[in-house]
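Colleague: Structure file structure_37.txt, compact mmCIF, C-alpha atoms, is pasted below:
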```txt
# COMPACT_ATOMS: atom_id res chain seq x y z
CA MET A 1 107.44 126.18 135.27
CA SER A 2 108.54 122.56 135.63
CA LYS A 3 110.75 121.10 132.95
CA VAL A 4 109.47 118.45 130.53
CA ILE A 5 111.27 115.72 128.62
CA ASN A 6 110.92 116.23 124.88
CA THR A 7 111.62 113.72 122.10
CA VAL A 8 113.45 115.75 119.46
CA ILE A 9 115.10 114.93 116.14
CA ALA A 10 118.86 115.12 116.69
CA GLY A 11 120.15 113.84 113.34
CA THR A 12 119.05 112.39 110.02
CA GLY A 13 120.58 110.38 107.20
CA SER A 14 119.50 108.61 104.05
CA TYR A 15 120.86 106.34 101.37
CA ILE A 16 119.48 106.65 97.85
CA PRO A 17 120.59 103.81 95.54
CA GLN A 18 122.45 104.87 92.42
CA ASN A 19 120.58 102.65 89.95
CA ILE A 20 117.96 104.85 88.26
CA ILE A 21 115.13 102.79 86.76
CA SER A 22 113.01 104.71 84.25
CA GLY A 23 109.75 103.57 82.70
CA ASN A 24 111.67 102.41 79.63
CA GLU A 25 113.18 99.61 81.72
CA PHE A 26 109.75 97.91 81.69
CA LEU A 27 109.13 98.08 77.92
CA ASN A 28 110.04 94.41 77.47
CA CYS A 29 107.76 93.27 80.30
CA THR A 30 104.58 91.32 79.68
CA PHE A 31 101.85 92.25 82.15
CA PHE A 32 99.00 89.98 83.23
CA GLU A 33 95.86 90.44 85.33
CA ASN A 34 93.68 87.57 86.58
CA GLY A 35 95.67 85.19 84.38
CA ASN A 36 95.04 87.20 81.20
CA ARG A 37 97.60 89.23 79.31
CA LEU A 38 96.77 92.94 79.26
CA GLU A 39 95.70 93.93 75.76
CA LYS A 40 97.16 97.44 75.73
CA GLU A 41 100.65 98.08 74.41
CA THR A 42 103.26 97.98 77.16
CA SER A 43 104.32 101.57 76.40
CA GLU A 44 100.72 102.71 76.90
CA ILE A 45 100.50 100.81 80.21
CA ILE A 46 103.69 102.51 81.42
CA ASP A 47 102.48 105.97 80.42
CA LYS A 48 99.12 105.46 82.10
CA PHE A 49 100.86 104.18 85.24
CA SER A 50 103.02 107.32 85.43
CA GLU A 51 99.98 109.53 84.91
CA ILE A 52 98.10 107.87 87.79
CA THR A 53 100.96 107.58 90.29
CA GLU A 54 103.21 110.50 89.19
CA ILE A 55 106.17 108.06 89.32
CA VAL A 56 108.63 108.60 86.47
CA GLU A 57 111.71 106.96 88.00
CA ARG A 58 112.57 104.70 90.90
CA ARG A 59 115.83 103.48 92.49
CA TYR A 60 117.12 99.92 92.84
CA ALA A 61 119.95 98.79 95.11
CA CYS A 62 123.18 97.42 93.65
CA PRO A 63 123.28 93.62 93.22
CA GLU A 64 125.54 93.04 96.23
CA GLN A 65 123.55 95.30 98.59
CA LEU A 66 121.03 94.01 101.14
CA SER A 67 118.56 95.97 103.23
CA ASN A 68 120.83 95.89 106.28
CA HIS A 69 123.69 97.34 104.23
CA ILE A 70 121.79 100.37 102.98
CA GLY A 71 120.16 100.80 106.40
CA ALA A 72 123.62 100.93 107.97
CA LYS A 73 124.74 103.56 105.46
CA ALA A 74 121.76 105.78 106.37
CA ALA A 75 122.44 105.18 110.08
CA GLU A 76 126.09 106.21 109.75
CA LYS A 77 125.02 109.48 108.16
CA ALA A 78 122.45 110.12 110.90
CA ILE A 79 125.03 109.52 113.63
CA GLU A 80 127.47 111.87 111.91
CA ASN A 81 124.74 114.49 111.41
CA ALA A 82 123.76 114.31 115.09
CA GLY A 83 127.39 114.59 116.16
CA ILE A 84 127.00 111.92 118.86
CA ASP A 85 129.02 108.99 120.15
CA LYS A 86 127.40 105.87 118.68
CA GLU A 87 127.99 104.05 121.98
CA THR A 88 125.42 106.34 123.63
CA LEU A 89 122.53 104.90 121.61
CA ASP A 90 120.02 103.10 123.84
CA TYR A 91 118.02 101.46 121.04
CA ILE A 92 118.35 100.68 117.36
CA ILE A 93 114.95 100.03 115.79
CA PHE A 94 115.09 98.72 112.21
CA CYS A 95 111.78 98.97 110.34
CA HIS A 96 111.31 96.76 107.27
CA ASN A 97 108.96 94.13 105.86
CA PHE A 98 111.03 91.54 104.00
CA GLY A 99 114.41 91.39 105.70
CA ASP A 100 117.49 90.79 103.55
CA ILE A 101 116.70 89.34 100.13
CA PRO A 102 119.68 88.48 97.90
CA LEU A 103 119.25 89.44 94.25
CA GLY A 104 117.50 86.65 92.34
CA SER A 105 116.62 84.69 95.48
CA ASN A 106 113.13 85.78 96.62
CA ARG A 107 113.99 84.32 100.05
CA SER A 108 114.00 86.47 103.16
CA ASP A 109 116.72 86.43 105.81
CA ILE A 110 115.82 88.00 109.17
CA LEU A 111 118.17 86.01 111.42
CA PRO A 112 119.68 87.75 113.22
CA SER A 113 117.51 90.86 113.18
CA LEU A 114 118.54 93.55 110.71
CA ALA A 115 118.99 95.90 113.68
CA SER A 116 121.59 93.49 115.12
CA LYS A 117 123.34 93.35 111.75
CA VAL A 118 123.48 97.14 111.67
CA LYS A 119 124.79 97.30 115.24
CA GLN A 120 127.54 94.89 114.20
CA GLN A 121 128.41 96.95 111.11
CA LEU A 122 128.51 100.15 113.15
CA GLY A 123 130.83 98.42 115.63
CA ILE A 124 128.76 99.40 118.67
CA GLN A 125 130.11 97.49 121.68
CA ASN A 126 127.64 98.71 124.32
CA PRO A 127 125.39 95.73 125.29
CA ASP A 128 122.80 98.17 126.68
CA CYS A 129 122.14 99.35 123.13
CA VAL A 130 119.16 97.10 122.33
CA ALA A 131 118.63 96.27 118.66
CA TYR A 132 115.37 94.89 117.26
CA ASP A 133 113.13 95.00 114.17
CA ILE A 134 109.60 96.19 113.48
CA ILE A 135 107.44 94.70 110.72
CA PHE A 136 104.50 97.06 110.36
CA GLY A 137 103.97 97.60 106.64
CA CYS A 138 104.89 100.92 105.05
CA PRO A 139 104.06 102.81 108.31
CA GLY A 140 106.89 100.94 110.08
CA TRP A 141 109.28 103.88 110.42
CA VAL A 142 106.55 106.16 111.78
CA GLN A 143 105.61 103.45 114.30
CA GLY A 144 109.26 102.98 115.26
CA SER A 145 109.43 106.72 115.92
CA ILE A 146 106.36 106.48 118.14
CA GLN A 147 108.03 103.67 120.09
CA ALA A 148 111.14 105.84 120.44
CA ASP A 149 108.96 108.56 121.94
CA TYR A 150 107.57 106.10 124.50
CA TYR A 151 111.08 105.00 125.52
CA ILE A 152 112.32 108.57 125.87
CA LYS A 153 109.25 109.98 127.64
CA SER A 154 109.38 107.08 130.14
CA GLY A 155 112.99 107.88 130.98
CA ASP A 156 114.16 104.49 129.74
CA ALA A 157 116.18 105.96 126.87
CA LYS A 158 117.97 109.14 125.93
CA ARG A 159 118.87 108.33 122.34
CA VAL A 160 117.09 106.05 119.87
CA LEU A 161 118.07 105.34 116.26
CA VAL A 162 115.11 104.49 114.02
CA ILE A 163 115.91 103.09 110.57
CA GLY A 164 113.57 102.45 107.67
CA ALA A 165 115.05 100.44 104.79
CA GLU A 166 113.73 98.16 102.09
CA THR A 167 114.76 96.49 98.83
CA LEU A 168 111.33 95.97 97.30
CA SER A 169 112.85 95.37 93.87
CA ARG A 170 113.72 91.86 95.10
CA ILE A 171 110.14 90.87 95.98
CA ILE A 172 108.08 92.25 93.08
CA ASP A 173 106.36 90.30 90.32
CA PRO A 174 107.79 91.28 86.90
CA HIS A 175 104.44 90.48 85.29
CA ASP A 176 102.40 92.73 87.60
CA ARG A 177 102.13 96.39 86.48
CA ASP A 178 101.83 97.49 90.14
CA SER A 179 105.46 96.42 90.54
CA MET A 180 106.46 99.67 88.81
CA ILE A 181 105.47 101.53 91.99
CA PHE A 182 108.08 99.98 94.24
CA SER A 183 111.71 100.90 94.84
CA ASP A 184 114.65 100.56 97.23
CA GLY A 185 116.08 103.00 99.76
CA ALA A 186 116.93 103.76 103.37
CA GLY A 187 116.42 106.56 105.86
CA ALA A 188 117.47 106.93 109.49
CA VAL A 189 116.70 109.37 112.30
CA ILE A 190 118.13 109.77 115.78
CA PHE A 191 115.62 110.86 118.40
CA GLU A 192 117.02 112.38 121.57
CA ALA A 193 115.73 113.37 125.00
CA GLU A 194 115.87 117.11 125.62
CA GLU A 195 114.74 118.84 128.78
CA GLY A 196 112.98 122.17 128.47
CA GLU A 197 110.24 124.40 129.77
CA GLU A 198 108.28 124.32 126.51
CA LYS A 199 106.94 121.33 124.65
CA LYS A 200 108.70 120.53 121.39
CA GLY A 201 109.71 117.45 119.43
CA ILE A 202 106.99 114.79 119.27
CA LEU A 203 103.84 116.42 120.66
CA ALA A 204 101.27 113.69 119.99
CA HIS A 205 100.65 110.59 117.90
CA LYS A 206 97.88 108.28 116.75
CA THR A 207 97.90 104.75 115.29
CA GLU A 208 95.05 102.57 113.99
CA THR A 209 94.82 99.05 112.52
CA HIS A 210 91.90 98.27 110.18
CA ALA A 211 92.41 94.52 109.77
CA VAL A 212 88.98 92.86 109.59
CA ASN A 213 87.85 94.38 106.30
CA TYR A 214 91.14 95.60 104.84
CA ALA A 215 94.01 93.25 105.75
CA ASN A 216 93.84 91.69 102.28
CA LEU A 217 94.56 94.95 100.41
CA LEU A 218 98.31 94.27 100.65
CA THR A 219 99.41 90.64 100.80
CA MET A 220 101.88 88.12 99.39
CA GLY A 221 100.58 86.11 96.45
CA LYS A 222 101.43 83.97 93.44
CA GLY A 223 102.89 85.45 90.28
CA SER A 224 100.55 87.00 87.69
CA HIS A 225 101.90 84.95 84.79
CA PRO A 226 99.62 81.91 84.30
CA ASP A 227 102.63 79.68 83.62
CA GLU A 228 104.46 80.67 86.83
CA THR A 229 105.90 77.50 88.37
CA SER A 230 108.62 78.77 90.73
CA GLY A 231 106.36 78.64 93.78
CA ASN A 232 107.55 82.11 94.78
CA TYR A 233 105.21 84.59 96.42
CA TYR A 234 105.32 88.26 95.46
CA LEU A 235 104.10 91.56 96.87
CA LYS A 236 100.50 92.07 95.75
CA MET A 237 98.07 94.91 96.31
CA ASN A 238 94.53 95.90 95.43
CA GLY A 239 95.47 99.35 94.20
CA ARG A 240 91.99 100.75 93.64
CA LYS A 241 90.60 99.62 97.01
CA LEU A 242 93.76 100.75 98.80
CA TYR A 243 93.44 104.20 97.24
CA GLU A 244 89.82 104.48 98.35
CA PHE A 245 90.68 103.30 101.87
CA ALA A 246 93.61 105.69 102.27
CA VAL A 247 91.81 108.78 101.00
CA VAL A 248 88.98 108.27 103.51
CA GLN A 249 90.83 106.93 106.57
CA VAL A 250 94.26 108.61 106.60
CA PRO A 251 92.96 112.19 106.92
CA GLN A 252 90.90 111.16 109.94
CA VAL A 253 93.92 109.66 111.72
CA ILE A 254 96.02 112.75 110.97
CA LYS A 255 93.25 114.97 112.36
CA LYS A 256 93.10 112.87 115.54
CA ALA A 257 96.85 113.38 116.04
CA ILE A 258 96.59 117.13 115.39
CA ASP A 259 93.64 117.42 117.78
CA LYS A 260 95.51 115.38 120.42
CA ALA A 261 98.37 117.89 120.18
CA GLY A 262 95.90 120.69 120.86
CA LEU A 263 96.53 122.24 117.45
CA SER A 264 94.63 122.98 114.26
CA VAL A 265 95.54 122.25 110.65
CA GLU A 266 96.39 125.96 110.31
CA ASP A 267 99.28 125.41 112.76
CA ILE A 268 100.94 122.85 110.46
CA ASN A 269 103.91 124.14 108.45
CA ILE A 270 104.94 120.98 106.61
CA VAL A 271 103.64 117.44 106.04
CA PHE A 272 105.92 114.42 105.57
CA VAL A 273 103.51 111.83 104.17
CA HIS A 274 104.33 108.33 102.89
CA GLN A 275 105.28 108.50 99.22
CA ALA A 276 103.00 105.83 97.80
CA ASN A 277 101.14 107.55 94.99
CA GLY A 278 101.33 111.24 94.10
CA LYS A 279 97.66 111.69 93.30
CA MET A 280 96.62 109.72 96.39
CA ASP A 281 98.70 111.96 98.66
CA THR A 282 97.16 115.04 97.05
CA ALA A 283 93.66 113.62 97.64
CA ILE A 284 94.54 112.81 101.28
CA MET A 285 95.60 116.39 101.90
CA LYS A 286 92.46 117.81 100.29
CA ARG A 287 90.29 115.54 102.43
CA LEU A 288 92.23 116.53 105.58
CA PHE A 289 91.59 120.22 105.01
CA LYS A 290 87.93 119.46 104.22
CA LEU A 291 87.65 117.97 107.73
CA TYR A 292 88.55 121.43 109.02
CA GLY A 293 86.08 123.15 106.69
CA LYS A 294 88.74 124.44 104.32
CA ASP A 295 88.59 124.12 100.54
CA THR A 296 92.23 124.63 99.63
CA VAL A 297 95.57 123.17 100.71
CA PRO A 298 98.32 125.79 101.15
CA GLU A 299 101.12 125.73 98.61
CA ASN A 300 104.52 124.30 99.61
CA LEU A 301 103.02 122.30 102.46
CA VAL A 302 103.70 118.77 101.21
CA PRO A 303 107.17 117.98 99.79
CA MET A 304 107.17 115.06 97.35
CA THR A 305 109.89 112.72 96.08
CA ILE A 306 107.61 110.07 94.57
CA SER A 307 108.31 111.13 90.96
CA TRP A 308 112.02 110.28 91.11
CA LEU A 309 112.37 107.88 94.05
CA GLY A 310 109.20 105.78 93.77
CA ASN A 311 107.74 103.99 96.78
CA SER A 312 110.44 102.51 99.04
CA SER A 313 107.91 101.62 101.76
CA VAL A 314 109.29 102.30 105.27
CA ALA A 315 112.11 104.42 103.81
CA THR A 316 110.00 107.11 102.13
CA VAL A 317 109.24 109.30 105.17
CA PRO A 318 112.70 109.37 106.81
CA THR A 319 114.36 109.84 103.41
CA LEU A 320 112.02 112.73 102.61
CA LEU A 321 112.76 114.31 105.99
CA ASP A 322 116.51 114.03 105.50
CA LEU A 323 116.39 115.53 102.00
CA VAL A 324 114.25 118.48 103.16
CA LEU A 325 116.41 119.20 106.22
CA LYS A 326 119.50 119.20 103.98
CA GLY A 327 117.95 121.54 101.41
CA GLN A 328 117.66 118.95 98.65
CA VAL A 329 113.92 119.35 97.93
CA GLU A 330 113.42 122.60 96.08
CA GLY A 331 110.99 125.03 97.70
CA TYR A 332 110.99 123.37 101.12
CA LYS A 333 112.85 124.07 104.34
CA VAL A 334 112.23 123.74 108.06
CA LYS A 335 113.01 126.32 110.74
CA ALA A 336 112.91 126.28 114.53
CA GLY A 337 109.34 126.35 115.81
CA ASP A 338 107.81 124.82 112.68
CA VAL A 339 105.21 122.11 113.27
CA ALA A 340 105.26 119.02 111.07
CA VAL A 341 102.94 116.09 110.47
CA PHE A 342 104.50 112.68 109.81
CA ALA A 343 102.00 110.16 108.45
CA SER A 344 101.85 106.80 106.71
CA VAL A 345 99.53 104.01 105.63
CA GLY A 346 100.14 100.44 104.55
CA ALA A 347 99.85 96.70 104.98
CA GLY A 348 97.81 95.67 107.97
CA MET A 349 96.03 97.93 107.17
CA HIS A 350 97.87 100.29 109.49
CA ILE A 351 97.62 104.08 109.60
CA ASN A 352 99.70 106.30 111.86
CA ALA A 353 100.75 109.89 112.38
CA PHE A 354 102.76 111.98 114.79
CA ILE A 355 103.10 115.72 115.26
CA HIS A 356 106.58 117.20 115.76
CA ARG A 357 107.65 120.75 116.63
CA PHE A 358 111.18 121.59 115.45
```
Can the structure in the file be given as structure tokens, please?
Modeller:
Amino acid sequence: MSKVINTVIAGTGSYIPQNIISGNEFLNCTFFENGNRLEKETSEIIDKFSEITEIVERRYACPEQLSNHIGAKAAEKAIENAGIDKETLDYIIFCHNFGDIPLGSNRSDILPSLASKVKQQLGIQNPDCVAYDIIFGCPGWVQGSIQADYYIKSGDAKRVLVIGAETLSRIIDPHDRDSMIFSDGAGAVIFEAEEGEEKKGILAHKTETHAVNYANLLTMGKGSHPDETSGNYYLKMNGRKLYEFAVVQVPQVIKKAIDKAGLSVEDINIVFVHQANGKMDTAIMKRLFKLYGKDTVPENLVPMTISWLGNSSVATVPTLLDLVLKGQVEGYKVKAGDVAVFASVGAGMHINAFIHRF
């Protein structure tokens, strides 16, 4: 049997900010919708939000930290975990959406690229280590991983570092209740070429962009407060429409990736899905199994961190992976031969998924 080049996970790392933000932190907020103040008590709004999203806490970066800083911390841990020489990295792909935003600024800095800033912090001298950014909404890290697979399968690279990091707390509207969803964090994974007689690592992937009818579900927009005069734009989303879109479309993309790998949903041992909304992820999984004619989702299939980490966009999936691999998500572990789904959905609207055999 001829040998094949596999794209395997060689190391993982994450950085979880220390600042824990509970629902009580928003009690003094005044929320508006369509220019009108919401009539319900703020405490009731917070409780209802937690019930719908399953988010109880979220994490914010320290005042002096930028996205590139926390991304570098996650990268350092991934390099250490992989036990490799950092100079052997062929690519550093940094996935984000807003670049570096200083606290209180609302202005984005993406020059040079965050990947270049991380390469500088890591002290990597090798000029053949190419560093660039991807802006692809919340599915950015998954898409960066797919690009890593292309590089490795083509023979162009042997090791690729893919980082997902974001400080969404710097770009949210304090008068928009949806802002309670978002958080800060970073995750990093090193993908490596491995020759073998059996296929493992990334087996297949699928990406779609639904822009014509859905690009406006996640956009930048003016503040919700009617007296807002700063001119700043904030992260805005149509939560209800986004939920409906994701529950219908994401399962179909995941199924296409599973089918492309020549597998069935019964072959999947664990699912690392973007942590956007607890109930939405549950609905996505139910719909996925329905596509295979099954009425129930197996227990302990989908690890979740949404309740205590919130939605850190591109960082949710690599952070979740790192925590599971290091035994920090109770009830979940991965062993050799297990097959995992990695999937995400977000601004664009983009959906993607890849299948990986450990």
Colleague: Need to verify the contact set: range 267-272 of chain A, 9 Å, all atoms listed in the file, exclusion of same-chain residues closer than 4 positions in sequence. Can you return it as a list in words?
Modeller: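 Returned residues: Ile258, Leu263, Asn300, Leu301, Val302, Pro303, Met304, Val317, Pro318, Leu320, Leu321, Tyr332, Lys333, Val334, Asp338, Val339, Ala340, Val341, Phe342, Ala343, Ser344 and Ile355 of chain A.
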Colleague: Find the residues near Ala78 in chain A: any atom within 10 Å, counting all atoms listed in the file, skip ones fewer than 6 places away on the same chain, and give them as a PyMOL selection string.
Modeller: chain A and resi 10-14+72+84+161-163+187-190+322
Colleague: One decimal, Å: what's the distance from CA of Cys138 in chain A over to CA of Phe354 in chain A, could you say?
Modeller: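 These two atoms are separated by 14.9 Å.
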Colleague: Which polymer residues have any atom within 10 Å of an atom of Lys286 in chain A, counting all atoms listed in the file, with same-chain residues fewer than 2 positions away left out, as number ranges by chain?
Modeller: A: 247, 251, 280-284, 288-291, 294-298
Colleague: If I take CA of Glu51 in chain A and CA of Glu299 in chain A, how far is one from the other in Å, to one decimal?
Modeller: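 Computing it gives 21.2 Å between the two atoms.
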Colleague: At a cut-off of 7 Å, using all atoms listed in the file, what residues contact range 120-132 of chain A? Leave out same-chain residues fewer than 6 positions from it and give the result as a PyMOL selection string.
Modeller: chain A and resi 72+86-87+89-94+113
Colleague: Kindly extract all protein, DNA and RNA residues lying within 12 Å of the coordinates (116.9, 110.0, 125.4) given in the file, considering only C-alpha atoms, and supply them as a PyMOL selection string.
Modeller: chain A and resi 5-10+88-91+148-161+190-195+201
Colleague: Between A:Pro174, A:Gly196, A:Gly348, A:Gly223, which residue has the minimum interatomic distance to Phe26 in chain A, considering only C-alpha atoms?
Modeller: A:Pro174
Colleague: Pick out the residues sitting within 12 Å of Ala315 in chain A, and hand them over as a PDB file with C-alpha atoms, keeping the file's coordinate frame; count all atoms listed in the file, and ignore anything fewer than 5 positions along from it in its own chain.
Modeller:
```
ATOM      1  CA  GLY A  13     120.580 110.380 107.200  1.00  0.00           C
ATOM      2  CA  SER A  14     119.500 108.610 104.050  1.00  0.00           C
ATOM      3  CA  TYR A  15     120.860 106.340 101.370  1.00  0.00           C
ATOM      4  CA  ILE A  16     119.480 106.650  97.850  1.00  0.00           C
ATOM      5  CA  PRO A  17     120.590 103.810  95.540  1.00  0.00           C
ATOM      6  CA  ARG A  59     115.830 103.480  92.490  1.00  0.00           C
ATOM      7  CA  SER A  67     118.560  95.970 103.230  1.00  0.00           C
ATOM      8  CA  ILE A  70     121.790 100.370 102.980  1.00  0.00           C
ATOM      9  CA  GLY A  71     120.160 100.800 106.400  1.00  0.00           C
ATOM     10  CA  ALA A  74     121.760 105.780 106.370  1.00  0.00           C
ATOM     11  CA  PHE A  94     115.090  98.720 112.210  1.00  0.00           C
ATOM     12  CA  CYS A  95     111.780  98.970 110.340  1.00  0.00           C
ATOM     13  CA  HIS A  96     111.310  96.760 107.270  1.00  0.00           C
ATOM     14  CA  ASN A  97     108.960  94.130 105.860  1.00  0.00           C
ATOM     15  CA  GLY A 137     103.970  97.600 106.640  1.00  0.00           C
ATOM     16  CA  CYS A 138     104.890 100.920 105.050  1.00  0.00           C
ATOM     17  CA  PRO A 139     104.060 102.810 108.310  1.00  0.00           C
ATOM     18  CA  GLY A 140     106.890 100.940 110.080  1.00  0.00           C
ATOM     19  CA  TRP A 141     109.280 103.880 110.420  1.00  0.00           C
ATOM     20  CA  VAL A 142     106.550 106.160 111.780  1.00  0.00           C
ATOM     21  CA  GLY A 144     109.260 102.980 115.260  1.00  0.00           C
ATOM     22  CA  VAL A 162     115.110 104.490 114.020  1.00  0.00           C
ATOM     23  CA  ILE A 163     115.910 103.090 110.570  1.00  0.00           C
ATOM     24  CA  GLY A 164     113.570 102.450 107.670  1.00  0.00           C
ATOM     25  CA  ALA A 165     115.050 100.440 104.790  1.00  0.00           C
ATOM     26  CA  GLU A 166     113.730  98.160 102.090  1.00  0.00           C
ATOM     27  CA  THR A 167     114.760  96.490  98.830  1.00  0.00           C
ATOM     28  CA  LEU A 168     111.330  95.970  97.300  1.00  0.00           C
ATOM     29  CA  PHE A 182     108.080  99.980  94.240  1.00  0.00           C
ATOM     30  CA  SER A 183     111.710 100.900  94.840  1.00  0.00           C
ATOM     31  CA  ASP A 184     114.650 100.560  97.230  1.00  0.00           C
ATOM     32  CA  GLY A 185     116.080 103.000  99.760  1.00  0.00           C
ATOM     33  CA  ALA A 186     116.930 103.760 103.370  1.00  0.00           C
ATOM     34  CA  GLY A 187     116.420 106.560 105.860  1.00  0.00           C
ATOM     35  CA  ALA A 188     117.470 106.930 109.490  1.00  0.00           C
ATOM     36  CA  VAL A 189     116.700 109.370 112.300  1.00  0.00           C
ATOM     37  CA  PHE A 272     105.920 114.420 105.570  1.00  0.00           C
ATOM     38  CA  VAL A 273     103.510 111.830 104.170  1.00  0.00           C
ATOM     39  CA  HIS A 274     104.330 108.330 102.890  1.00  0.00           C
ATOM     40  CA  GLN A 275     105.280 108.500  99.220  1.00  0.00           C
ATOM     41  CA  ALA A 276     103.000 105.830  97.800  1.00  0.00           C
ATOM     42  CA  THR A 305     109.890 112.720  96.080  1.00  0.00           C
ATOM     43  CA  ILE A 306     107.610 110.070  94.570  1.00  0.00           C
ATOM     44  CA  LEU A 309     112.370 107.880  94.050  1.00  0.00           C
ATOM     45  CA  GLY A 310     109.200 105.780  93.770  1.00  0.00           C
ATOM     46  CA  LEU A 320     112.020 112.730 102.610  1.00  0.00           C
ATOM     47  CA  LEU A 321     112.760 114.310 105.990  1.00  0.00           C
ATOM     48  CA  ASP A 322     116.510 114.030 105.500  1.00  0.00           C
ATOM     49  CA  SER A 344     101.850 106.800 106.710  1.00  0.00           C
TER      50      SER A 344
END
```
Colleague: Pick the closest to Arg58 in chain A from A:Glu228, A:Glu208, A:Glu198, A:Glu25: which is it, counting all atoms listed in the file?
Modeller: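 Among A:Glu228, A:Glu208, A:Glu198, A:Glu25, it is A:Glu25 that comes nearest to Arg58 in chain A.
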Colleague: As an exercise, work out the distance from CA of Ala211 in chain A to CA of Gly239 in chain A in Å and give it to one decimal place.
Modeller: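 So the two atoms, CA of Ala211 in chain A and CA of Gly239 in chain A, lie 16.6 Å apart.
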